[in-house]
Amino acid sequence: MAWANQDKTAIVGIGATDYYVRGKSWPRTINDMAAEAIMNACADAGISHKQIDGFAYYSTAGAGYLDKFDTASLMETLGMPHISYSATLTSGGGGCPGAIGLATAGLMNEDCTYTVTLMALQQLPQHRLGVVFGASAPSPENSFLQPSGLVGPGHLMSMLTRRHMHLYGTQPEAFKEIVQATRANTHNRPKAVRRNPLSDEEYWGSPMLADPLRRLDFCLETDGAVAVITTTMDRAKDCRHKPAVVHACAHGGQREWGRAFAWMGMPDPHFASSGHKFTADRIWAQSGLTAKDVDVALIYDHFSPMVLMQLEDYGFCEKGEGSDYVLSGKIRYDAATQGGVNGGVPVNTHGGNLNEAYIIGMTHIVEGVEQVRGTAINQVKDAEFALVSGGPASLPVSSLILRSA
Amino acid sequence: MTYGPARALPGDQIKITTNPDTEPFWEAAKEHKLTACQCGACGKFRMPPTPVCPECGSREKNWPTLPGTATVFSYVVCNKNPKNGEDYVYVPVVVDLDGAPGARLNANVSGCDADDVYIGMKVVVDWTPIQDGWVLPNFKKA
Ligand SMILES: [Zn+2]
């Protein structure tokens with residue numbers, strides 16, 4: 001059944017800071033970067049930042065697991081006269097596109113008129129995301145994880161990946177293709193951290209951090225901030241750009257994938273998955289679309305195999321066929337035709353978390369907006385529908401379909 | 001790629017904490033008894049231990065002594081000590097515990113080369129003393 005809020009709100013402004021290699025943004029502060037991203041997003045929308053009256057966050061409003069966002073301090077810093085909506089989607093980066101659903105909820109409830117969704121990320125040496133599980137103090141729950149030396153999200157994803165390889169014969173060549181295909185989209189992106197073409201030799205020579213995953217299968221660790229502004233369709237008409245219409249948005253998950261990280265109790269076939277099946281089914285039901293109907297897919301890529309597993313969960317291919325799907329070139333963007341390859345849907349035309357920058361999923365939303373506006377650097381011709389996903393991580397995960405106005 | 005012998009991480013670098021829901025598991029481990037949290041009403045197992053049975057809602061718990069054998073469900077090969085970054089080959093595994101269907105543990109496996117670990121491999125519990133007098137269940141190739 002179609003979503004009650006379908007096509008009633010839109011993302012009208014996108015803004016970002018420069019992207020910095022992890023640790024290189026200091027002495028800028030988190031609030032400095034957040035403020036710049038918000039003001040850039042408002043300028044893009046053609047509104048004043050003082051018109052923002054709503055905040056819709058995710059990742060428990062965390063900034064690199066170190067600082068926390070705080071509505072009170074942001075509104076005071078930016079001089080907003082009042083705010084009437086402040087909400088956060090629980091769990092981690094999986095909630096990124098879902099935060100646009102929270103924004104929509106606030107707008108449709110007439111709690112607010114312009115809502116900002118923000119991620120500002122700054123990793124200091126003592127709080128690297130890559131070793132977040134290993135570095136945190138022992139708790140009764142993580143005492144069942146930490147002693148095994150699974151120190152970061154990538155180690156846990158390696159465990160899922162190994163099972164996928166065992167069940168379906170998934171090949172490491174598929175992970176290489178995911179990294180190379182999305183890297184091929186950054187050579188013309190001025191802000192991308194990794195812009196050089198990636199050779200086979202460089203990929204295979206990349207150190208194994210958690211076999212079967214290499215360093216290049218892990219996303220970048222980036223500092224920076226990205227903000228987007230969501231408003232109602234009637235207000236969107238007065239903004240500077242063509243609105244990126246919020247066509248469907250869902251967050252959640254099912255118990256079989258459950259606590260996943262640190263738990264590892266998921267039964268097959270959920271263990272070797274991205275945990276997105278429930279949310280994927282919801283967003284297709286909300287939108288009336290299928291994977292084949294979207295023109296471009298912005299798939300959360302903190303670790304390369306998780307792209308493959310999401311392609312399966314969203315139905316771009318059958319479960320267990322992700323390796324063959326990827327290896328047939330179907331996630332590639334062909335600049336000559338401005339379209340897909342071999343009947344596929346182009347994935348991460350911006351280079352994604354693996355190559356452009358890792359601002360915990362926000363760059364995928366920005367690229368989705370650019371694509372349906374028709375202003376993307378690697379524009380998919382006549383892009384009407386863009387899928388944006390967040391996660392896998394702990395539940396909830398989320399996804400968003402943006403539509404061209 | 002050849003990794004060589006798989007070693008459990010050094011026990012003196014490992015610290016845990018407990019709460020009333022999890023403590024019986026660790027108290028049993030001190031006596032070299034491998035247990036898992038079993039619902040006292042419906043008999044289903046769950047790990048890590050939690051206050052309420054997700055199947056039936058009961059808060060009753062049993063802590064049966066398990067055979068101490070298990071099967072590798074998945075694994076990762078790592079080659080740096082996470083505490084100090086030194087070269088150190090260890091193999092985190094997720095195992096299915098014999099005698100406790102549905103209960104899994106994360107641990108290290110040793111007693112073989114890291115290259116020889118495989119999904120479906122039979123393993124047996126191996127006790128590692130850790131900080132503060134606690135004892136950690138790891139596994140060795142059976
Ligand atoms: Zn029960």
# chains A, B, ... in the order shown; residues from 1 in each chain; ligands from 1
$ interface_residues --of "chain B" --to "chain A" --cutoff "8 Å" --atoms "only C-alpha atoms" --output "MDAnalysis selection string"
chainID B and resid 9 14:19 22 47:48 73:79 81:82 92:94 102:108 119
$ select_by_dssp --residues "chain B" --states "strand (DSSP E or B)" --output "compact mmCIF listing (two decimals) with all heavy atoms, in the first residue's frame"
# COMPACT_ATOMS: atom_id res chain seq x y z
N PRO B 5 50.58 -20.77 12.96
CA PRO B 5 49.76 -21.18 14.10
C PRO B 5 48.81 -20.09 14.59
O PRO B 5 49.20 -18.92 14.69
CB PRO B 5 50.80 -21.50 15.19
CG PRO B 5 52.06 -21.77 14.44
CD PRO B 5 52.02 -20.91 13.21
N THR B 35 28.65 -23.30 30.21
CA THR B 35 27.20 -23.31 30.32
C THR B 35 26.62 -22.32 29.31
O THR B 35 27.36 -21.62 28.61
CB THR B 35 26.76 -22.96 31.76
OG1 THR B 35 25.34 -23.08 31.86
CG2 THR B 35 27.17 -21.56 32.15
N CYS B 37 22.75 -19.84 28.79
CA CYS B 37 21.50 -19.44 29.44
C CYS B 37 20.33 -20.18 28.77
O CYS B 37 20.10 -20.03 27.57
CB CYS B 37 21.35 -17.92 29.29
SG CYS B 37 19.89 -17.28 30.12
N GLN B 38 19.62 -20.97 29.60
CA GLN B 38 18.47 -21.72 29.09
C GLN B 38 17.20 -21.24 29.80
O GLN B 38 17.20 -21.04 31.02
CB GLN B 38 18.66 -23.22 29.35
CG GLN B 38 17.52 -24.06 28.79
CD GLN B 38 17.66 -25.54 29.12
OE1 GLN B 38 18.23 -25.90 30.16
NE2 GLN B 38 17.13 -26.39 28.26
N CYS B 39 16.14 -21.07 29.05
CA CYS B 39 14.87 -20.65 29.66
C CYS B 39 14.35 -21.76 30.58
O CYS B 39 14.29 -22.93 30.19
CB CYS B 39 13.84 -20.35 28.57
SG CYS B 39 12.21 -19.97 29.24
N PHE B 45 17.44 -21.96 24.38
CA PHE B 45 18.71 -21.35 24.80
C PHE B 45 18.87 -19.96 24.19
O PHE B 45 18.35 -19.68 23.10
CB PHE B 45 19.88 -22.22 24.34
CG PHE B 45 20.08 -23.44 25.20
CD1 PHE B 45 19.44 -24.64 24.88
CD2 PHE B 45 20.88 -23.38 26.32
CE1 PHE B 45 19.62 -25.76 25.67
CE2 PHE B 45 21.07 -24.51 27.12
CZ PHE B 45 20.44 -25.71 26.79
N ARG B 46 19.61 -19.12 24.90
CA ARG B 46 19.97 -17.81 24.36
C ARG B 46 21.33 -17.40 24.90
O ARG B 46 21.66 -17.68 26.06
CB ARG B 46 18.91 -16.77 24.73
CG ARG B 46 18.72 -16.55 26.22
CD ARG B 46 17.57 -15.58 26.47
NE ARG B 46 17.43 -15.18 27.85
CZ ARG B 46 16.66 -15.80 28.75
NH1 ARG B 46 16.01 -16.92 28.43
NH2 ARG B 46 16.54 -15.34 29.99
N LYS B 61 15.57 -19.13 34.71
CA LYS B 61 16.74 -19.55 33.94
C LYS B 61 17.35 -20.82 34.50
O LYS B 61 17.37 -21.02 35.72
CB LYS B 61 17.81 -18.46 33.96
CG LYS B 61 17.42 -17.14 33.32
CD LYS B 61 18.60 -16.17 33.40
CE LYS B 61 18.17 -14.74 33.24
NZ LYS B 61 17.45 -14.21 34.42
N ASN B 62 17.87 -21.66 33.59
CA ASN B 62 18.72 -22.78 33.96
C ASN B 62 20.11 -22.55 33.39
O ASN B 62 20.26 -21.85 32.39
CB ASN B 62 18.19 -24.10 33.36
CG ASN B 62 16.80 -24.44 33.89
OD1 ASN B 62 16.48 -24.14 35.04
ND2 ASN B 62 15.99 -25.05 33.05
N THR B 65 25.37 -27.64 32.55
CA THR B 65 26.74 -27.82 32.10
C THR B 65 26.72 -28.51 30.74
O THR B 65 26.12 -29.58 30.59
CB THR B 65 27.54 -28.65 33.12
OG1 THR B 65 27.55 -27.95 34.37
CG2 THR B 65 28.98 -28.84 32.65
N THR B 69 31.89 -28.98 23.69
CA THR B 69 32.27 -29.07 22.28
C THR B 69 31.39 -28.13 21.46
O THR B 69 30.32 -27.71 21.91
CB THR B 69 32.11 -30.51 21.76
OG1 THR B 69 30.78 -30.96 22.07
CG2 THR B 69 33.13 -31.43 22.42
N ALA B 70 31.87 -27.80 20.27
CA ALA B 70 31.17 -26.81 19.45
C ALA B 70 31.61 -26.95 18.00
O ALA B 70 32.55 -27.71 17.69
CB ALA B 70 31.46 -25.40 19.96
N THR B 71 30.92 -26.23 17.12
CA THR B 71 31.20 -26.26 15.68
C THR B 71 31.40 -24.84 15.18
O THR B 71 30.60 -23.95 15.51
CB THR B 71 30.02 -26.91 14.92
OG1 THR B 71 29.74 -28.18 15.51
CG2 THR B 71 30.35 -27.08 13.45
N VAL B 72 32.45 -24.63 14.39
CA VAL B 72 32.71 -23.29 13.86
C VAL B 72 31.62 -22.92 12.86
O VAL B 72 31.39 -23.63 11.88
CB VAL B 72 34.10 -23.24 13.18
CG1 VAL B 72 34.29 -21.90 12.46
CG2 VAL B 72 35.20 -23.45 14.23
N PHE B 73 30.95 -21.79 13.13
CA PHE B 73 29.89 -21.29 12.24
C PHE B 73 30.45 -20.28 11.25
O PHE B 73 30.04 -20.24 10.09
CB PHE B 73 28.79 -20.64 13.09
CG PHE B 73 27.60 -20.17 12.29
CD1 PHE B 73 26.64 -21.07 11.86
CD2 PHE B 73 27.45 -18.83 11.96
CE1 PHE B 73 25.54 -20.64 11.11
CE2 PHE B 73 26.36 -18.39 11.23
CZ PHE B 73 25.39 -19.30 10.80
N SER B 74 31.36 -19.46 11.71
CA SER B 74 32.10 -18.56 10.81
C SER B 74 33.37 -18.11 11.53
O SER B 74 33.50 -18.31 12.74
CB SER B 74 31.25 -17.37 10.38
OG SER B 74 31.84 -16.72 9.26
N TYR B 75 34.28 -17.50 10.78
CA TYR B 75 35.55 -17.11 11.40
C TYR B 75 36.20 -16.01 10.59
O TYR B 75 35.86 -15.77 9.42
CB TYR B 75 36.50 -18.31 11.53
CG TYR B 75 37.01 -18.82 10.20
CD1 TYR B 75 38.27 -18.43 9.72
CD2 TYR B 75 36.24 -19.67 9.41
CE1 TYR B 75 38.73 -18.88 8.49
CE2 TYR B 75 36.70 -20.11 8.17
CZ TYR B 75 37.94 -19.72 7.72
OH TYR B 75 38.39 -20.14 6.51
N VAL B 77 40.32 -14.22 10.13
CA VAL B 77 41.73 -14.34 10.49
C VAL B 77 42.32 -12.94 10.66
O VAL B 77 42.23 -12.11 9.75
CB VAL B 77 42.54 -15.12 9.43
CG1 VAL B 77 44.00 -15.28 9.89
CG2 VAL B 77 41.91 -16.48 9.16
N CYS B 78 42.87 -12.69 11.84
CA CYS B 78 43.48 -11.37 12.14
C CYS B 78 44.96 -11.58 12.43
O CYS B 78 45.36 -12.64 12.91
CB CYS B 78 42.81 -10.73 13.35
SG CYS B 78 41.04 -10.46 13.13
N ASN B 79 45.75 -10.54 12.16
CA ASN B 79 47.20 -10.71 12.33
C ASN B 79 47.88 -9.60 13.11
O ASN B 79 49.09 -9.46 13.06
CB ASN B 79 47.88 -10.92 10.96
CG ASN B 79 47.50 -9.82 9.99
OD1 ASN B 79 47.16 -8.71 10.41
ND2 ASN B 79 47.54 -10.11 8.70
N LYS B 80 47.08 -8.80 13.82
CA LYS B 80 47.69 -7.78 14.70
C LYS B 80 47.01 -7.88 16.07
O LYS B 80 45.77 -7.94 16.16
CB LYS B 80 47.43 -6.37 14.15
CG LYS B 80 48.05 -6.10 12.79
CD LYS B 80 49.53 -5.85 12.86
CE LYS B 80 50.06 -5.56 11.46
NZ LYS B 80 51.50 -5.85 11.37
N ASP B 87 52.54 -7.92 15.55
CA ASP B 87 52.17 -9.09 14.74
C ASP B 87 51.71 -10.21 15.67
O ASP B 87 52.42 -10.58 16.62
CB ASP B 87 53.38 -9.56 13.92
CG ASP B 87 53.70 -8.58 12.79
OD1 ASP B 87 52.85 -7.70 12.52
OD2 ASP B 87 54.79 -8.69 12.21
N TYR B 88 50.54 -10.72 15.40
CA TYR B 88 49.98 -11.75 16.29
C TYR B 88 48.80 -12.39 15.55
O TYR B 88 47.79 -11.75 15.31
CB TYR B 88 49.47 -11.08 17.59
CG TYR B 88 49.22 -12.04 18.73
CD1 TYR B 88 50.15 -12.19 19.76
CD2 TYR B 88 48.05 -12.80 18.78
CE1 TYR B 88 49.92 -13.07 20.80
CE2 TYR B 88 47.82 -13.68 19.82
CZ TYR B 88 48.75 -13.81 20.83
OH TYR B 88 48.52 -14.69 21.87
N VAL B 89 48.95 -13.63 15.18
CA VAL B 89 47.90 -14.30 14.40
C VAL B 89 46.87 -14.92 15.34
O VAL B 89 47.22 -15.75 16.20
CB VAL B 89 48.51 -15.37 13.47
CG1 VAL B 89 47.40 -16.17 12.78
CG2 VAL B 89 49.42 -14.71 12.44
N TYR B 90 45.64 -14.47 15.21
CA TYR B 90 44.56 -15.09 15.99
C TYR B 90 43.31 -15.19 15.13
O TYR B 90 43.18 -14.48 14.13
CB TYR B 90 44.29 -14.30 17.29
CG TYR B 90 43.72 -12.92 17.10
CD1 TYR B 90 42.35 -12.68 17.28
CD2 TYR B 90 44.53 -11.84 16.75
CE1 TYR B 90 41.81 -11.40 17.12
CE2 TYR B 90 44.00 -10.57 16.58
CZ TYR B 90 42.65 -10.36 16.77
OH TYR B 90 42.12 -9.10 16.60
N VAL B 91 42.45 -16.11 15.50
CA VAL B 91 41.28 -16.42 14.67
C VAL B 91 40.00 -16.28 15.50
O VAL B 91 39.65 -17.20 16.25
CB VAL B 91 41.38 -17.84 14.06
CG1 VAL B 91 40.16 -18.13 13.17
CG2 VAL B 91 42.66 -17.98 13.25
N PRO B 92 39.31 -15.13 15.42
CA PRO B 92 38.00 -15.02 16.05
C PRO B 92 37.01 -15.95 15.33
O PRO B 92 36.97 -15.98 14.10
CB PRO B 92 37.61 -13.55 15.84
CG PRO B 92 38.90 -12.84 15.55
CD PRO B 92 39.74 -13.86 14.83
N VAL B 93 36.28 -16.70 16.13
CA VAL B 93 35.28 -17.61 15.58
C VAL B 93 33.93 -17.33 16.23
O VAL B 93 33.87 -16.85 17.36
CB VAL B 93 35.63 -19.10 15.82
CG1 VAL B 93 36.79 -19.53 14.94
CG2 VAL B 93 35.92 -19.36 17.29
N VAL B 94 32.88 -17.63 15.50
CA VAL B 94 31.55 -17.76 16.08
C VAL B 94 31.25 -19.24 16.07
O VAL B 94 31.36 -19.88 15.02
CB VAL B 94 30.49 -16.99 15.26
CG1 VAL B 94 29.09 -17.25 15.82
CG2 VAL B 94 30.78 -15.52 15.25
N VAL B 95 30.94 -19.81 17.25
CA VAL B 95 30.68 -21.25 17.29
C VAL B 95 29.24 -21.53 17.73
O VAL B 95 28.66 -20.79 18.53
CB VAL B 95 31.67 -21.99 18.23
CG1 VAL B 95 33.10 -21.81 17.74
CG2 VAL B 95 31.52 -21.54 19.68
N ASP B 96 28.70 -22.61 17.19
CA ASP B 96 27.44 -23.19 17.69
C ASP B 96 27.80 -24.16 18.81
O ASP B 96 28.62 -25.08 18.62
CB ASP B 96 26.73 -23.95 16.57
CG ASP B 96 25.98 -23.03 15.63
OD1 ASP B 96 25.32 -22.09 16.11
OD2 ASP B 96 26.05 -23.25 14.40
N LEU B 97 27.19 -23.97 19.98
CA LEU B 97 27.52 -24.79 21.15
C LEU B 97 26.73 -26.10 21.13
O LEU B 97 25.49 -26.08 21.04
CB LEU B 97 27.20 -24.03 22.44
CG LEU B 97 27.95 -22.71 22.66
CD1 LEU B 97 27.46 -22.02 23.93
CD2 LEU B 97 29.46 -22.98 22.74
N ARG B 104 25.21 -19.25 20.60
CA ARG B 104 26.53 -19.11 19.99
C ARG B 104 27.46 -18.34 20.90
O ARG B 104 27.01 -17.54 21.72
CB ARG B 104 26.42 -18.38 18.64
CG ARG B 104 25.66 -19.18 17.61
CD ARG B 104 26.00 -18.73 16.20
NE ARG B 104 25.15 -19.44 15.25
CZ ARG B 104 24.35 -18.83 14.37
NH1 ARG B 104 24.28 -17.51 14.32
NH2 ARG B 104 23.61 -19.55 13.55
N LEU B 105 28.75 -18.56 20.72
CA LEU B 105 29.77 -17.80 21.43
C LEU B 105 30.77 -17.25 20.43
O LEU B 105 31.07 -17.89 19.43
CB LEU B 105 30.53 -18.70 22.41
CG LEU B 105 30.06 -18.85 23.84
CD1 LEU B 105 31.09 -19.68 24.60
CD2 LEU B 105 29.88 -17.50 24.52
N ASN B 106 31.29 -16.07 20.72
CA ASN B 106 32.46 -15.54 20.03
C ASN B 106 33.68 -15.93 20.85
O ASN B 106 33.67 -15.78 22.08
CB ASN B 106 32.41 -14.01 19.94
CG ASN B 106 31.19 -13.52 19.20
OD1 ASN B 106 30.98 -13.87 18.05
ND2 ASN B 106 30.38 -12.71 19.85
N ALA B 107 34.73 -16.40 20.20
CA ALA B 107 35.91 -16.84 20.92
C ALA B 107 37.09 -16.85 19.97
O ALA B 107 36.97 -16.45 18.81
CB ALA B 107 35.68 -18.24 21.50
N ASN B 108 38.25 -17.31 20.45
CA ASN B 108 39.40 -17.59 19.60
C ASN B 108 39.56 -19.10 19.49
O ASN B 108 39.18 -19.84 20.40
CB ASN B 108 40.68 -17.01 20.20
CG ASN B 108 40.76 -15.50 20.13
OD1 ASN B 108 41.58 -14.90 20.81
ND2 ASN B 108 39.92 -14.87 19.32
N VAL B 109 40.11 -19.53 18.38
CA VAL B 109 40.42 -20.95 18.21
C VAL B 109 41.93 -21.08 18.05
O VAL B 109 42.58 -20.22 17.46
CB VAL B 109 39.64 -21.56 17.03
CG1 VAL B 109 40.12 -21.03 15.69
CG2 VAL B 109 39.70 -23.07 17.06
N SER B 110 42.48 -22.14 18.63
CA SER B 110 43.92 -22.41 18.49
C SER B 110 44.11 -23.92 18.32
O SER B 110 43.14 -24.66 18.19
CB SER B 110 44.68 -21.88 19.71
OG SER B 110 44.24 -22.55 20.87
N ASP B 113 46.90 -24.42 12.48
CA ASP B 113 47.27 -23.22 11.72
C ASP B 113 46.01 -22.41 11.42
O ASP B 113 44.95 -22.99 11.17
CB ASP B 113 47.95 -23.61 10.41
CG ASP B 113 49.42 -23.97 10.62
OD1 ASP B 113 49.90 -23.85 11.78
OD2 ASP B 113 50.08 -24.36 9.65
N LYS B 122 35.09 -29.02 14.04
CA LYS B 122 34.73 -29.36 15.43
C LYS B 122 35.81 -28.81 16.37
O LYS B 122 37.01 -28.98 16.11
CB LYS B 122 34.63 -30.88 15.60
CG LYS B 122 33.58 -31.52 14.71
CD LYS B 122 32.19 -31.12 15.14
CE LYS B 122 31.14 -31.80 14.25
NZ LYS B 122 29.80 -31.22 14.46
N VAL B 123 35.36 -28.20 17.44
CA VAL B 123 36.30 -27.62 18.42
C VAL B 123 35.87 -28.00 19.83
O VAL B 123 34.71 -28.41 20.05
CB VAL B 123 36.37 -26.07 18.28
CG1 VAL B 123 37.01 -25.67 16.96
CG2 VAL B 123 34.98 -25.45 18.42
N VAL B 124 36.80 -27.89 20.76
CA VAL B 124 36.52 -28.22 22.15
C VAL B 124 37.01 -27.07 23.04
O VAL B 124 37.99 -26.41 22.73
CB VAL B 124 37.19 -29.57 22.53
CG1 VAL B 124 38.70 -29.51 22.36
CG2 VAL B 124 36.80 -30.02 23.93
N VAL B 125 36.30 -26.83 24.12
CA VAL B 125 36.58 -25.66 24.95
C VAL B 125 37.99 -25.71 25.54
O VAL B 125 38.51 -26.79 25.84
CB VAL B 125 35.50 -25.50 26.06
CG1 VAL B 125 35.63 -26.59 27.11
CG2 VAL B 125 35.55 -24.11 26.69
N ASP B 126 38.58 -24.55 25.68
CA ASP B 126 39.95 -24.39 26.17
C ASP B 126 39.95 -23.15 27.06
O ASP B 126 39.60 -22.07 26.60
CB ASP B 126 40.88 -24.19 24.96
CG ASP B 126 42.32 -24.02 25.36
OD1 ASP B 126 42.77 -24.73 26.29
OD2 ASP B 126 43.01 -23.19 24.74
N TRP B 127 40.31 -23.32 28.34
CA TRP B 127 40.09 -22.24 29.30
C TRP B 127 41.29 -21.30 29.36
O TRP B 127 42.41 -21.74 29.54
CB TRP B 127 39.78 -22.82 30.68
CG TRP B 127 38.55 -23.68 30.63
CD1 TRP B 127 38.50 -25.05 30.62
CD2 TRP B 127 37.19 -23.23 30.55
NE1 TRP B 127 37.19 -25.48 30.55
CE2 TRP B 127 36.37 -24.38 30.50
CE3 TRP B 127 36.58 -21.98 30.50
CZ2 TRP B 127 34.98 -24.31 30.41
CZ3 TRP B 127 35.20 -21.90 30.42
CH2 TRP B 127 34.42 -23.05 30.37
N THR B 128 41.05 -20.00 29.25
CA THR B 128 42.10 -18.98 29.29
C THR B 128 41.91 -18.09 30.51
O THR B 128 40.90 -17.38 30.59
CB THR B 128 42.03 -18.10 28.02
OG1 THR B 128 42.14 -18.93 26.86
CG2 THR B 128 43.14 -17.07 28.01
N PRO B 129 42.84 -18.12 31.47
CA PRO B 129 42.74 -17.18 32.60
C PRO B 129 42.89 -15.74 32.09
O PRO B 129 43.75 -15.46 31.26
CB PRO B 129 43.93 -17.55 33.50
CG PRO B 129 44.38 -18.89 33.02
CD PRO B 129 44.01 -18.98 31.55
N VAL B 135 37.83 -16.42 34.04
CA VAL B 135 38.33 -17.41 33.08
C VAL B 135 37.46 -17.33 31.83
O VAL B 135 36.23 -17.27 31.92
CB VAL B 135 38.30 -18.84 33.68
CG1 VAL B 135 38.73 -19.86 32.64
CG2 VAL B 135 39.21 -18.92 34.91
N LEU B 136 38.14 -17.32 30.68
CA LEU B 136 37.43 -17.13 29.40
C LEU B 136 37.39 -18.44 28.62
O LEU B 136 38.42 -19.09 28.45
CB LEU B 136 38.21 -16.07 28.59
CG LEU B 136 37.73 -15.79 27.17
CD1 LEU B 136 36.42 -15.00 27.19
CD2 LEU B 136 38.80 -15.02 26.40
N PRO B 137 36.20 -18.83 28.13
CA PRO B 137 36.19 -19.99 27.23
C PRO B 137 36.66 -19.63 25.84
O PRO B 137 36.07 -18.79 25.18
CB PRO B 137 34.71 -20.41 27.23
CG PRO B 137 33.94 -19.19 27.60
CD PRO B 137 34.85 -18.28 28.39
N ASN B 138 37.78 -20.23 25.42
CA ASN B 138 38.19 -20.24 24.03
C ASN B 138 38.05 -21.67 23.52
O ASN B 138 37.52 -22.52 24.24
CB ASN B 138 39.63 -19.72 23.91
CG ASN B 138 39.67 -18.20 23.90
OD1 ASN B 138 38.88 -17.56 23.22
ND2 ASN B 138 40.60 -17.62 24.66
N PHE B 139 38.52 -21.94 22.32
CA PHE B 139 38.36 -23.29 21.76
C PHE B 139 39.64 -23.74 21.09
O PHE B 139 40.44 -22.92 20.62
CB PHE B 139 37.18 -23.32 20.77
CG PHE B 139 35.85 -23.14 21.47
CD1 PHE B 139 35.34 -21.86 21.71
CD2 PHE B 139 35.15 -24.24 21.93
CE1 PHE B 139 34.14 -21.69 22.39
CE2 PHE B 139 33.95 -24.09 22.62
CZ PHE B 139 33.44 -22.81 22.84
N LYS B 140 39.83 -25.05 21.10
CA LYS B 140 40.94 -25.70 20.41
C LYS B 140 40.36 -26.66 19.38
O LYS B 140 39.24 -27.15 19.56
CB LYS B 140 41.76 -26.53 21.41
CG LYS B 140 42.95 -25.85 22.02
CD LYS B 140 43.69 -26.86 22.88
CE LYS B 140 45.14 -26.56 23.11
NZ LYS B 140 45.59 -25.19 23.12
N LYS B 141 41.13 -26.89 18.35
CA LYS B 141 40.71 -27.89 17.36
C LYS B 141 40.49 -29.23 18.08
O LYS B 141 41.33 -29.66 18.87
CB LYS B 141 41.80 -28.04 16.29
CG LYS B 141 41.35 -28.95 15.19
CD LYS B 141 42.36 -29.01 14.06
CE LYS B 141 41.70 -29.76 12.93
NZ LYS B 141 42.48 -30.55 12.10
$ residues_near_ligand --ligand "ligand 1" --cutoff "8 Å" --atoms "only C-alpha atoms and all ligand atoms" --output "list in words"
Gln38, Cys39, Gly40, Ala41, Cys42, Gly43, Lys44, Val52, Cys53, Pro54, Glu55, Cys56, Gly57, Ser58 and Arg59 of chain B
$ closest_residue --among "A:Ala2, A:Ala297, A:Leu311, A:Val326" --to "A:Ile401" --atoms "only C-alpha atoms"
A:Ala297
$ select_by_dssp --residues "stretch 14-81 of chain B" --states "alpha helix (DSSP H)" --output "JSON, numbers by chain"
{"B": [23, 24, 25, 26, 27, 28, 29, 30]}
$ write_last_selection --atoms "N, CA and C atoms" --output "mmCIF file, in the first residue's frame"
data_model
loop_
_atom_site.group_PDB
_atom_site.id
_atom_site.type_symbol
_atom_site.label_atom_id
_atom_site.label_comp_id
_atom_site.auth_asym_id
_atom_site.auth_seq_id
_atom_site.Cartn_x
_atom_site.Cartn_y
_atom_site.Cartn_z
ATOM 1 N N GLU B 23 26.371 -13.120 35.116
ATOM 2 C CA GLU B 23 27.384 -13.619 36.048
ATOM 3 C C GLU B 23 27.417 -15.151 36.189
ATOM 4 N N PRO B 24 26.251 -15.856 36.173
ATOM 5 C CA PRO B 24 26.336 -17.322 36.300
ATOM 6 C C PRO B 24 27.182 -17.966 35.210
ATOM 7 N N PHE B 25 27.174 -17.399 34.005
ATOM 8 C CA PHE B 25 28.000 -17.941 32.929
ATOM 9 C C PHE B 25 29.473 -17.861 33.314
ATOM 10 N N TRP B 26 29.877 -16.707 33.837
ATOM 11 C CA TRP B 26 31.294 -16.485 34.158
ATOM 12 C C TRP B 26 31.700 -17.212 35.435
ATOM 13 N N GLU B 27 30.791 -17.340 36.384
ATOM 14 C CA GLU B 27 31.106 -18.114 37.600
ATOM 15 C C GLU B 27 31.336 -19.582 37.238
ATOM 16 N N ALA B 28 30.524 -20.106 36.324
ATOM 17 C CA ALA B 28 30.717 -21.493 35.882
ATOM 18 C C ALA B 28 32.059 -21.646 35.177
ATOM 19 N N ALA B 29 32.416 -20.630 34.369
ATOM 20 C CA ALA B 29 33.684 -20.687 33.628
ATOM 21 C C ALA B 29 34.879 -20.760 34.590
ATOM 22 N N LYS B 30 34.752 -20.059 35.721
ATOM 23 C CA LYS B 30 35.833 -20.129 36.728
ATOM 24 C C LYS B 30 36.095 -21.573 37.151
#
$ closest_residue --among "A:Ala61, A:Ile178, A:Met33, A:Val246" --to "A:Ala103" --atoms "only C-alpha atoms"
A:Val246
$ closest_residue --among "A:Lys319, A:His276, A:Arg22, A:His247" --to "A:Glu221" --atoms "only C-alpha atoms"
A:Arg22
